[in-house]
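Participant: Provided herewith: start-v6.txt, compact mmCIF, C-alpha atoms and all ligand atoms.
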# COMPACT_ATOMS: atom_id res chain seq x y z
CA MET A 1 6.18 15.30 47.52
CA THR A 2 3.18 15.13 45.21
CA ASP A 3 2.20 11.70 44.04
CA ILE A 4 1.38 12.55 40.44
CA SER A 5 -0.17 9.20 39.50
CA ASN A 6 -2.49 9.36 42.48
CA GLU A 7 -3.38 12.95 41.70
CA ASN A 8 -4.34 11.92 38.18
CA ARG A 9 -6.55 9.10 39.38
CA SER A 10 -8.45 11.36 41.73
CA ALA A 11 -8.56 14.35 39.39
CA PRO A 12 -12.02 15.85 39.17
CA THR A 13 -13.67 15.45 35.78
CA THR A 14 -13.36 19.20 35.12
CA LYS A 15 -9.68 18.51 34.47
CA ASN A 16 -10.47 16.45 31.36
CA LEU A 17 -12.73 18.89 29.59
CA PRO A 18 -12.57 19.33 25.81
CA LEU A 19 -11.18 22.83 26.45
CA ARG A 20 -9.76 24.50 29.51
CA ILE A 21 -7.68 27.63 29.35
CA GLU A 22 -5.98 29.27 32.28
CA GLY A 23 -4.47 32.70 32.64
CA ILE A 24 -4.24 33.42 28.92
CA SER A 25 -2.76 36.83 28.15
CA LYS A 26 -1.74 38.38 24.87
CA HIS A 27 0.27 41.51 24.20
CA PHE A 28 0.97 43.03 20.81
CA ASP A 29 4.07 45.20 21.10
CA GLY A 30 3.21 46.23 24.61
CA VAL A 31 -0.49 46.68 23.88
CA VAL A 32 -2.55 44.32 26.02
CA ALA A 33 -5.19 42.53 23.90
CA ILE A 34 -6.12 39.84 26.48
CA LYS A 35 -5.56 39.90 30.21
CA HIS A 36 -5.56 36.68 32.25
CA PHE A 37 -8.50 34.88 30.65
CA ASP A 38 -9.86 31.60 32.08
CA LEU A 39 -12.46 29.38 30.47
CA GLN A 40 -13.82 25.84 30.47
CA VAL A 41 -16.02 24.27 27.82
CA ARG A 42 -17.75 20.99 28.65
CA PRO A 43 -18.95 18.33 26.20
CA GLY A 44 -22.34 19.33 24.82
CA GLU A 45 -21.92 22.90 26.05
CA ILE A 46 -22.15 26.03 23.91
CA VAL A 47 -20.16 28.89 25.39
CA ALA A 48 -20.68 32.32 23.86
CA LEU A 49 -17.88 34.87 23.91
CA VAL A 50 -19.22 38.40 23.65
CA GLY A 51 -17.83 41.93 23.82
CA ASP A 52 -17.58 45.15 21.90
CA ASN A 53 -15.41 45.60 18.80
CA GLY A 54 -11.75 45.33 19.72
CA ALA A 55 -12.49 43.57 23.03
CA GLY A 56 -10.14 40.73 22.11
CA LYS A 57 -12.59 37.99 21.05
CA SER A 58 -10.93 37.11 17.75
CA THR A 59 -7.52 37.27 19.37
CA LEU A 60 -8.64 34.67 21.88
CA VAL A 61 -10.01 32.40 19.14
CA LYS A 62 -6.76 32.80 17.23
CA ILE A 63 -4.76 31.78 20.29
CA ILE A 64 -6.88 28.66 20.84
CA SER A 65 -6.62 27.80 17.15
CA GLY A 66 -2.85 28.13 17.02
CA LEU A 67 -2.60 31.30 14.92
CA PHE A 68 -1.05 33.36 17.73
CA PRO A 69 1.04 32.07 20.62
CA PRO A 70 -0.26 33.40 23.95
CA SER A 71 2.06 35.75 25.85
CA ALA A 72 1.21 33.80 29.02
CA GLY A 73 -1.14 31.08 30.18
CA GLN A 74 -1.99 27.47 29.42
CA ILE A 75 -4.34 25.64 27.09
CA TYR A 76 -5.57 22.13 27.92
CA LEU A 77 -7.39 19.86 25.46
CA ASN A 78 -9.04 16.87 27.10
CA GLY A 79 -6.94 17.48 30.18
CA GLU A 80 -3.63 17.59 28.34
CA GLN A 81 -1.62 20.77 28.20
CA VAL A 82 -0.87 21.75 24.61
CA THR A 83 1.18 24.34 22.79
CA PHE A 84 0.61 24.97 19.11
CA LYS A 85 3.34 25.68 16.57
CA ASP A 86 0.75 27.02 14.12
CA ALA A 87 -2.84 26.59 12.99
CA SER A 88 -2.18 23.29 11.23
CA ASP A 89 -0.57 21.93 14.40
CA ALA A 90 -3.73 22.93 16.31
CA ARG A 91 -5.91 21.28 13.65
CA GLY A 92 -3.87 18.12 14.00
CA LYS A 93 -4.65 18.23 17.74
CA GLY A 94 -8.38 18.41 17.04
CA VAL A 95 -9.14 22.15 17.08
CA GLU A 96 -11.30 23.27 14.15
CA VAL A 97 -12.48 26.82 13.49
CA VAL A 98 -15.38 28.27 11.54
CA TYR A 99 -14.95 31.90 10.52
CA GLN A 100 -17.40 34.56 9.45
CA ASP A 101 -15.70 34.95 6.08
CA LEU A 102 -16.02 31.42 4.85
CA ALA A 103 -12.76 29.66 4.23
CA LEU A 104 -14.18 27.85 1.21
CA VAL A 105 -12.80 27.77 -2.33
CA ASP A 106 -15.37 29.19 -4.72
CA ASN A 107 -14.70 27.44 -7.99
CA GLN A 108 -14.56 23.94 -6.57
CA PRO A 109 -17.17 21.33 -5.75
CA VAL A 110 -18.30 20.85 -2.17
CA TYR A 111 -16.33 17.61 -1.78
CA MET A 112 -13.02 19.31 -2.67
CA ASN A 113 -13.72 21.88 0.00
CA MET A 114 -14.46 19.19 2.53
CA PHE A 115 -11.07 17.65 1.86
CA LEU A 116 -9.14 20.90 1.39
CA GLY A 117 -5.52 20.18 2.28
CA ARG A 118 -6.45 16.55 3.03
CA GLU A 119 -7.40 15.38 -0.47
CA LEU A 120 -7.80 11.65 -0.96
CA VAL A 121 -5.73 10.17 -3.77
CA ARG A 122 -5.45 6.69 -5.26
CA GLY A 123 -2.96 4.63 -7.23
CA PRO A 124 0.76 5.17 -7.81
CA LEU A 125 -0.01 8.33 -9.81
CA ARG A 126 -1.88 9.73 -6.83
CA ILE A 127 -4.96 10.65 -8.82
CA LEU A 128 -7.63 12.55 -6.88
CA ASP A 129 -10.17 10.03 -5.61
CA ARG A 130 -13.18 12.19 -6.41
CA LYS A 131 -15.71 9.40 -6.03
CA THR A 132 -14.72 8.51 -2.47
CA MET A 133 -14.46 12.18 -1.47
CA ALA A 134 -17.96 12.84 -2.85
CA GLN A 135 -19.38 9.78 -1.04
CA ARG A 136 -17.77 10.73 2.28
CA THR A 137 -18.91 14.32 1.86
CA GLN A 138 -22.49 13.12 1.53
CA THR A 139 -22.14 11.27 4.86
CA MET A 140 -20.52 14.29 6.54
CA ILE A 141 -23.30 16.66 5.53
CA ASP A 142 -26.05 14.11 6.20
CA GLU A 143 -24.81 13.76 9.78
CA LEU A 144 -25.67 17.41 10.43
CA ASP A 145 -28.64 17.48 8.09
CA VAL A 146 -27.12 20.17 5.88
CA ARG A 147 -29.20 20.36 2.71
CA ILE A 148 -27.38 20.90 -0.57
CA PRO A 149 -28.19 19.64 -4.08
CA SER A 150 -25.14 17.38 -4.28
CA PRO A 151 -21.57 16.97 -2.96
CA ARG A 152 -20.57 17.72 -6.53
CA SER A 153 -22.29 21.14 -6.52
CA ASN A 154 -19.99 24.07 -7.09
CA ILE A 155 -19.52 26.14 -3.94
CA LYS A 156 -20.42 29.38 -5.68
CA ALA A 157 -23.85 27.93 -6.61
CA LEU A 158 -24.80 27.63 -2.92
CA SER A 159 -26.44 30.11 -0.56
CA GLY A 160 -24.53 31.70 2.33
CA GLY A 161 -26.37 29.46 4.77
CA GLN A 162 -25.52 26.32 2.81
CA ARG A 163 -21.88 27.36 2.61
CA GLN A 164 -21.69 28.04 6.32
CA GLY A 165 -23.39 24.67 6.90
CA ILE A 166 -20.60 23.05 4.91
CA ALA A 167 -17.91 24.95 6.82
CA ILE A 168 -19.48 23.74 10.08
CA ALA A 169 -19.84 20.15 8.83
CA ARG A 170 -16.19 20.21 7.81
CA ALA A 171 -15.03 21.60 11.15
CA THR A 172 -17.19 19.10 13.02
CA HIS A 173 -15.91 16.18 11.05
CA TYR A 174 -12.25 16.90 11.76
CA ALA A 175 -12.58 18.37 15.23
CA LYS A 176 -12.00 16.08 18.15
CA GLY A 177 -14.87 17.29 20.29
CA LEU A 178 -14.16 21.04 20.15
CA VAL A 179 -15.34 23.54 17.55
CA LEU A 180 -14.50 27.26 17.66
CA MET A 181 -16.66 29.71 15.72
CA ASP A 182 -15.87 33.38 15.18
CA GLU A 183 -19.07 35.22 14.14
CA PRO A 184 -20.27 32.31 11.98
CA THR A 185 -23.56 34.01 11.05
CA ALA A 186 -22.38 37.63 10.76
CA ALA A 187 -22.63 37.53 6.97
CA LEU A 188 -25.96 35.68 6.84
CA GLY A 189 -29.61 36.64 6.58
CA VAL A 190 -32.28 35.68 9.10
CA ALA A 191 -33.37 32.37 7.54
CA GLU A 192 -29.79 31.29 6.87
CA THR A 193 -28.82 32.20 10.40
CA ALA A 194 -31.66 30.05 11.75
CA LYS A 195 -30.43 27.10 9.70
CA VAL A 196 -26.85 27.53 10.93
CA GLU A 197 -28.08 27.80 14.54
CA GLU A 198 -29.92 24.50 14.06
CA THR A 199 -26.69 22.96 12.83
CA ILE A 200 -24.84 24.29 15.88
CA LEU A 201 -27.50 22.80 18.17
CA LYS A 202 -27.05 19.44 16.44
CA LEU A 203 -23.35 19.65 17.18
CA LYS A 204 -24.20 20.23 20.82
CA ALA A 205 -26.64 17.29 20.82
CA ARG A 206 -23.77 15.11 19.58
CA GLY A 207 -21.72 16.14 22.60
CA ALA A 208 -19.35 18.59 20.93
CA ALA A 209 -17.98 21.51 22.93
CA VAL A 210 -18.61 24.77 21.09
CA LEU A 211 -17.04 28.17 21.71
CA ILE A 212 -18.82 30.78 19.62
CA VAL A 213 -18.05 34.47 19.24
CA SER A 214 -21.23 36.39 18.52
CA HIS A 215 -22.26 40.01 18.68
CA ASN A 216 -25.90 38.96 18.36
CA LEU A 217 -27.26 38.69 21.90
CA ASP A 218 -30.57 37.24 20.67
CA GLN A 219 -28.55 34.45 19.15
CA VAL A 220 -26.55 34.00 22.35
CA PHE A 221 -29.76 33.65 24.37
CA ARG A 222 -31.24 31.27 21.77
CA ILE A 223 -28.41 28.76 21.61
CA ALA A 224 -25.74 29.20 24.30
CA ASP A 225 -25.56 27.64 27.76
CA THR A 226 -22.91 29.96 29.13
CA VAL A 227 -21.75 33.44 28.22
CA THR A 228 -18.46 35.10 29.00
CA VAL A 229 -17.89 38.81 28.46
CA LEU A 230 -14.67 40.52 27.40
CA ARG A 231 -14.25 44.24 27.80
CA ARG A 232 -11.03 45.74 26.45
CA GLY A 233 -9.21 42.47 26.99
CA THR A 234 -10.52 41.89 30.50
CA GLN A 235 -12.92 39.06 31.27
CA VAL A 236 -15.60 40.87 33.24
CA ALA A 237 -18.24 38.16 33.74
CA THR A 238 -19.07 34.52 33.05
CA ARG A 239 -22.69 33.47 33.55
CA ALA A 240 -25.03 30.59 32.86
CA LEU A 241 -27.59 32.01 30.44
CA ALA A 242 -30.30 30.72 32.76
CA ASP A 243 -28.96 33.00 35.52
CA THR A 244 -28.59 36.26 33.64
CA SER A 245 -30.49 38.70 31.46
CA ARG A 246 -29.87 40.61 28.30
CA ASN A 247 -29.66 43.83 30.32
CA GLU A 248 -27.03 42.43 32.63
CA ILE A 249 -24.90 41.22 29.71
CA VAL A 250 -25.26 44.54 27.88
CA SER A 251 -24.13 46.38 31.00
CA TYR A 252 -21.04 44.17 31.25
CA ILE A 253 -20.24 44.72 27.57
CA THR A 254 -20.59 48.49 27.79
CA GLY A 255 -18.97 48.89 31.18
CA LEU A 256 -22.02 50.01 33.13
CA ALA A 257 -21.46 47.04 35.41
CA SER A 258 -18.16 45.42 36.36
N1 LIG B 301 -2.09 41.06 14.77
C1 LIG B 301 -2.32 42.10 15.60
N2 LIG B 301 -1.37 43.02 15.86
C2 LIG B 301 -1.57 44.05 16.71
N3 LIG B 301 -2.71 44.26 17.37
C3 LIG B 301 -3.71 43.38 17.16
C4 LIG B 301 -3.58 42.27 16.28
N4 LIG B 301 -4.75 41.57 16.30
C5 LIG B 301 -5.57 42.22 17.14
N5 LIG B 301 -4.95 43.31 17.66
C6 LIG B 301 -5.54 44.24 18.63
O1 LIG B 301 -6.08 43.49 19.71
C7 LIG B 301 -7.30 44.05 20.14
C8 LIG B 301 -8.40 43.03 20.08
O2 LIG B 301 -8.73 42.75 18.73
P1 LIG B 301 -9.73 41.58 18.31
O3 LIG B 301 -9.33 40.35 19.02
O4 LIG B 301 -9.76 41.52 16.83
O5 LIG B 301 -11.11 42.12 18.87
P2 LIG B 301 -12.61 41.62 18.61
O6 LIG B 301 -12.56 40.33 17.83
O7 LIG B 301 -13.20 41.44 19.97
O8 LIG B 301 -13.30 42.71 17.85
C9 LIG B 301 -7.56 45.27 19.26
O9 LIG B 301 -7.11 46.41 19.94
C10 LIG B 301 -6.71 44.99 18.04
O10 LIG B 301 -6.33 46.18 17.43
MG MG B 302 -13.44 39.78 15.97
For this file, write the structure as structure tokens.
Facilitator:
Amino acid sequence: MTDISNENRSAPTTKNLPLRIEGISKHFDGVVAIKHFDLQVRPGEIVALVGDNGAGKSTLVKIISGLFPPSAGQIYLNGEQVTFKDASDARGKGVEVVYQDLALVDNQPVYMNMFLGRELVRGPLRILDRKTMAQRTQTMIDELDVRIPSPRSNIKALSGGQRQGIAIARATHYAKGLVLMDEPTAALGVAETAKVEETILKLKARGAAVLIVSHNLDQVFRIADTVTVLRRGTQVATRALADTSRNEIVSYITGLAS
């Protein structure tokens, strides 16, 4: 019989990674979107998930962020197997996501966006504690060196890069070591993208585990440590960036190699 306590004590450290997924599959009404996908993300590691349109990248992110239940497979956060009832359940367990289309509220100040759904209130009348939210927002954005005029600035007055910086600072603040990003720079220009990539590298330097979907291979080679390729729902390769080339990755994406 297996001695579970002993097994735990001697478990290799790979068992306690910020994210480990095993055998994840997803079907939509009989259509296979993901087939038996395995992945590990270590602290301070940026893993890029690449593949053509419809390969299943967003579906995978949605599974890890609690939006879709997997049809099969397991998700482990810090070594513990988890199942998510929904996205807010996943958030409560420390999974934060940054999307391409920014989930920010336009006509509100930055600090309200930082505390969206988690607003701080004070007193018996539960009045919004704007001062504390603004102060904490300043700290949150300072930590990642995101430059904005003020936590009280209106979101719609900011550039795309500044907004994405805020979305990343928010995700980082609430995440417990793992941040998922689905095409976070797809809507941004070159300079804004560079700024967001800097922010992502700061996250890495702080030891966060980052899983980023990107269709920009230059970006993948600039910032990621590991790349994994999906083709029509099948994971066709996982490589350290140091051990691969752009050509090899392109051939996996297009199906010229397998
Ligand atoms: N909610 C859904 N219902 C049915 N099919 C879906 C749904 N979401 C995604 N799909 C299908 O799953 C496949 C993968 O989609 P997606 O994960 O969005 O790809 P990617 O992000 O790599 O472009 C596609 O064939 C898509 O049509
Ligand atoms: Mg997608």
Participant: Just checking: using only C-alpha atoms and all ligand atoms, which residue out of A:His215, A:Arg163, A:Arg91, A:Arg239 ends up closest to ligand MG 302 (chain B)?
Facilitator: A:His215
Participant: Tell me which protein, DNA and RNA residues are within 7 Å of Ala33 in chain A, counting only C-alpha atoms, leaving out same-chain ones fewer than 5 positions away, and put them as a list in words.
Facilitator: Lys26, His27, Phe28, Gly56 and Gly233 of chain A
Participant: Can you find the residues with an atom no farther than 7 Å from (-16.5, 34.9, 24.1), counting only C-alpha atoms, and report them as a PyMOL selection string?
Facilitator: chain A and resi 48-50+57+212-213+227-230
Participant: Which is closer to ligand MG 302 (chain B) than all the others in A:Asp52, A:Asp106, A:Glu198, A:Glu119, using all atoms listed in the file?
Facilitator: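 Checking each of A:Asp52, A:Asp106, A:Glu198, A:Glu119 against ligand MG 302 (chain B), counting all atoms listed in the file, the winner is A:Asp52.
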Participant: Could you check which of A:Gly54, A:Gly92, A:Pro184, A:Gly165 is closest to ligand MG 302 (chain B), using all atoms listed in the file?
Facilitator: A:Gly54
Participant: Check the smallest atom-to-atom distance from each of A:Val196, A:Ile46, A:Ile34, A:Ala103 to Phe221 in chain A using all atoms listed in the file, then report the winner.
Facilitator: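 With all atoms listed in the file as the atom set, the closest residue is A:Ile46.
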Participant: In Å, with one decimal, what is the gap from CA of Ile155 in chain A to CA of Ala205 in chain A?
Facilitator: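 Going from CA of Ile155 in chain A over to CA of Ala205 in chain A, I get 27.2 Å.
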Participant: I'd like to know which of A:Lys15, A:Arg20, A:Arg170, A:Lys62 is closest to ligand LIG 301 (chain B), using all atoms listed in the file.
Facilitator: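 Using all atoms listed in the file, the shortest distance to ligand LIG 301 (chain B) belongs to A:Lys62.
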Participant: Can you measure atom N1 of ligand LIG 301 (chain B) to CA of Ile223 in chain A for me? One decimal in Å is fine.
Facilitator: 29.8 Å
Participant: How many Å separate CA of Gly66 in chain A from CA of Lys85 in chain A?
Facilitator: 6.7 Å
Participant: Once 5 Å is added on each side, what centre and edge lengths in Å to one decimal does the axis-aligned box around all listed atoms of ligand LIG 301 (chain B) have, as lines of an AutoDock Vina configuration file?
Facilitator:
center_x = -7.3
center_y = 43.4
center_z = 17.5
size_x = 21.9
size_y = 16.1
size_z = 15.4
Participant: With a distance cut-off of 9 Å and only C-alpha atoms, select the neighbouring residues of Gly177 in chain A, excluding the residue or stretch itself and same-chain residues fewer than 6 positions from it, and output the selection as a list in words.
Facilitator: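 Using only C-alpha atoms, the neighbours found are Pro18, Pro43, Gly44, Asn78, Gly94, Val95, Gly207, Ala208, Ala209 and Val210 of chain A.
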Participant: Pick out the closest residue to ligand MG 302 (chain B) from this set: A:Val61, A:Leu178, A:Ile141, A:Ile127. Count only C-alpha atoms and all ligand atoms.
Facilitator: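 When distances to ligand MG 302 (chain B) are compared using only C-alpha atoms and all ligand atoms, the smallest one comes from A:Val61.
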Participant: List every protein, DNA or RNA residue that has at least one atom no more than 10 Å from (-14.6, 31.2, 35.3) in the file's coordinates, counting only C-alpha atoms, and write the result as a list in words.
Facilitator: Ile21, Glu22, Phe37, Asp38, Leu39, Gln40, Thr228, Gln235, Val236, Ala237, Thr238 and Arg239 of chain A
Participant: Excluding same-chain residues fewer than 4 positions from Glu192 in chain A, what lies within 12 Å of it counting all atoms listed in the file, as a VMD selection string?
Facilitator: chain A and resid 146 to 147 158 to 165 184 to 188 196 to 199
Participant: For range 100-128 of chain A, which lacks atoms in the input, supply N, CA and C atoms and format the output as a PDB file, in the coordinates of the input.
Facilitator:
ATOM      1  N   GLN A 100     -16.318  33.788  10.075  1.00  0.00           N
ATOM      2  CA  GLN A 100     -17.400  34.560   9.450  1.00  0.00           C
ATOM      3  C   GLN A 100     -17.210  34.612   7.922  1.00  0.00           C
ATOM      4  N   ASP A 101     -15.994  34.952   7.503  1.00  0.00           N
ATOM      5  CA  ASP A 101     -15.700  34.950   6.080  1.00  0.00           C
ATOM      6  C   ASP A 101     -15.277  33.535   5.751  1.00  0.00           C
ATOM      7  N   LEU A 102     -16.130  32.849   5.037  1.00  0.00           N
ATOM      8  CA  LEU A 102     -16.020  31.420   4.850  1.00  0.00           C
ATOM      9  C   LEU A 102     -14.707  31.044   4.197  1.00  0.00           C
ATOM     10  N   ALA A 103     -14.022  30.103   4.798  1.00  0.00           N
ATOM     11  CA  ALA A 103     -12.760  29.660   4.230  1.00  0.00           C
ATOM     12  C   ALA A 103     -13.034  28.535   3.236  1.00  0.00           C
ATOM     13  N   LEU A 104     -13.860  28.849   2.227  1.00  0.00           N
ATOM     14  CA  LEU A 104     -14.180  27.850   1.210  1.00  0.00           C
ATOM     15  C   LEU A 104     -13.630  28.339  -0.129  1.00  0.00           C
ATOM     16  N   VAL A 105     -13.314  27.407  -1.010  1.00  0.00           N
ATOM     17  CA  VAL A 105     -12.800  27.770  -2.330  1.00  0.00           C
ATOM     18  C   VAL A 105     -13.960  27.774  -3.319  1.00  0.00           C
ATOM     19  N   ASP A 106     -14.182  28.934  -3.915  1.00  0.00           N
ATOM     20  CA  ASP A 106     -15.370  29.190  -4.720  1.00  0.00           C
ATOM     21  C   ASP A 106     -15.564  28.289  -5.924  1.00  0.00           C
ATOM     22  N   ASN A 107     -14.507  28.132  -6.720  1.00  0.00           N
ATOM     23  CA  ASN A 107     -14.700  27.440  -7.990  1.00  0.00           C
ATOM     24  C   ASN A 107     -14.452  25.947  -7.918  1.00  0.00           C
ATOM     25  N   GLN A 108     -14.790  25.370  -6.764  1.00  0.00           N
ATOM     26  CA  GLN A 108     -14.560  23.940  -6.570  1.00  0.00           C
ATOM     27  C   GLN A 108     -15.832  23.302  -6.054  1.00  0.00           C
ATOM     28  N   PRO A 109     -15.985  21.993  -6.303  1.00  0.00           N
ATOM     29  CA  PRO A 109     -17.170  21.330  -5.750  1.00  0.00           C
ATOM     30  C   PRO A 109     -17.084  21.224  -4.224  1.00  0.00           C
ATOM     31  N   VAL A 110     -18.225  20.970  -3.627  1.00  0.00           N
ATOM     32  CA  VAL A 110     -18.300  20.850  -2.170  1.00  0.00           C
ATOM     33  C   VAL A 110     -17.290  19.831  -1.651  1.00  0.00           C
ATOM     34  N   TYR A 111     -17.204  18.663  -2.336  1.00  0.00           N
ATOM     35  CA  TYR A 111     -16.330  17.610  -1.780  1.00  0.00           C
ATOM     36  C   TYR A 111     -14.865  18.022  -1.744  1.00  0.00           C
ATOM     37  N   MET A 112     -14.417  18.854  -2.713  1.00  0.00           N
ATOM     38  CA  MET A 112     -13.020  19.310  -2.670  1.00  0.00           C
ATOM     39  C   MET A 112     -12.798  20.237  -1.481  1.00  0.00           C
ATOM     40  N   ASN A 113     -13.819  21.010  -1.154  1.00  0.00           N
ATOM     41  CA  ASN A 113     -13.720  21.880   0.000  1.00  0.00           C
ATOM     42  C   ASN A 113     -13.692  21.089   1.302  1.00  0.00           C
ATOM     43  N   MET A 114     -14.445  20.020   1.331  1.00  0.00           N
ATOM     44  CA  MET A 114     -14.460  19.190   2.530  1.00  0.00           C
ATOM     45  C   MET A 114     -13.088  18.575   2.794  1.00  0.00           C
ATOM     46  N   PHE A 115     -12.364  18.316   1.719  1.00  0.00           N
ATOM     47  CA  PHE A 115     -11.070  17.650   1.860  1.00  0.00           C
ATOM     48  C   PHE A 115      -9.898  18.588   1.558  1.00  0.00           C
ATOM     49  N   LEU A 116     -10.173  19.895   1.653  1.00  0.00           N
ATOM     50  CA  LEU A 116      -9.140  20.900   1.390  1.00  0.00           C
ATOM     51  C   LEU A 116      -7.888  20.631   2.235  1.00  0.00           C
ATOM     52  N   GLY A 117      -6.765  20.445   1.565  1.00  0.00           N
ATOM     53  CA  GLY A 117      -5.520  20.180   2.280  1.00  0.00           C
ATOM     54  C   GLY A 117      -5.411  18.747   2.804  1.00  0.00           C
ATOM     55  N   ARG A 118      -6.455  17.942   2.554  1.00  0.00           N
ATOM     56  CA  ARG A 118      -6.450  16.550   3.030  1.00  0.00           C
ATOM     57  C   ARG A 118      -7.008  15.673   1.913  1.00  0.00           C
ATOM     58  N   GLU A 119      -6.797  16.062   0.671  1.00  0.00           N
ATOM     59  CA  GLU A 119      -7.400  15.380  -0.470  1.00  0.00           C
ATOM     60  C   GLU A 119      -7.055  13.894  -0.464  1.00  0.00           C
ATOM     61  N   LEU A 120      -8.033  13.085  -0.847  1.00  0.00           N
ATOM     62  CA  LEU A 120      -7.800  11.650  -0.960  1.00  0.00           C
ATOM     63  C   LEU A 120      -7.291  11.372  -2.371  1.00  0.00           C
ATOM     64  N   VAL A 121      -6.276  10.526  -2.464  1.00  0.00           N
ATOM     65  CA  VAL A 121      -5.730  10.170  -3.770  1.00  0.00           C
ATOM     66  C   VAL A 121      -5.659   8.644  -3.868  1.00  0.00           C
ATOM     67  N   ARG A 122      -5.547   8.143  -5.095  1.00  0.00           N
ATOM     68  CA  ARG A 122      -5.450   6.690  -5.260  1.00  0.00           C
ATOM     69  C   ARG A 122      -4.408   6.358  -6.327  1.00  0.00           C
ATOM     70  N   GLY A 123      -3.890   5.151  -6.230  1.00  0.00           N
ATOM     71  CA  GLY A 123      -2.960   4.630  -7.230  1.00  0.00           C
ATOM     72  C   GLY A 123      -1.582   5.255  -7.132  1.00  0.00           C
ATOM     73  N   PRO A 124      -0.630   4.689  -7.859  1.00  0.00           N
ATOM     74  CA  PRO A 124       0.760   5.170  -7.810  1.00  0.00           C
ATOM     75  C   PRO A 124       0.871   6.596  -8.382  1.00  0.00           C
ATOM     76  N   LEU A 125      -0.077   6.973  -9.240  1.00  0.00           N
ATOM     77  CA  LEU A 125      -0.010   8.330  -9.810  1.00  0.00           C
ATOM     78  C   LEU A 125      -0.703   9.343  -8.919  1.00  0.00           C
ATOM     79  N   ARG A 126      -1.230   8.861  -7.813  1.00  0.00           N
ATOM     80  CA  ARG A 126      -1.880   9.730  -6.830  1.00  0.00           C
ATOM     81  C   ARG A 126      -2.936  10.617  -7.493  1.00  0.00           C
ATOM     82  N   ILE A 127      -3.833   9.954  -8.188  1.00  0.00           N
ATOM     83  CA  ILE A 127      -4.960  10.650  -8.820  1.00  0.00           C
ATOM     84  C   ILE A 127      -5.988  10.977  -7.755  1.00  0.00           C
ATOM     85  N   LEU A 128      -6.589  12.164  -7.845  1.00  0.00           N
ATOM     86  CA  LEU A 128      -7.630  12.550  -6.880  1.00  0.00           C
ATOM     87  C   LEU A 128      -8.742  11.508  -6.882  1.00  0.00           C
TER      88      LEU A 128
END
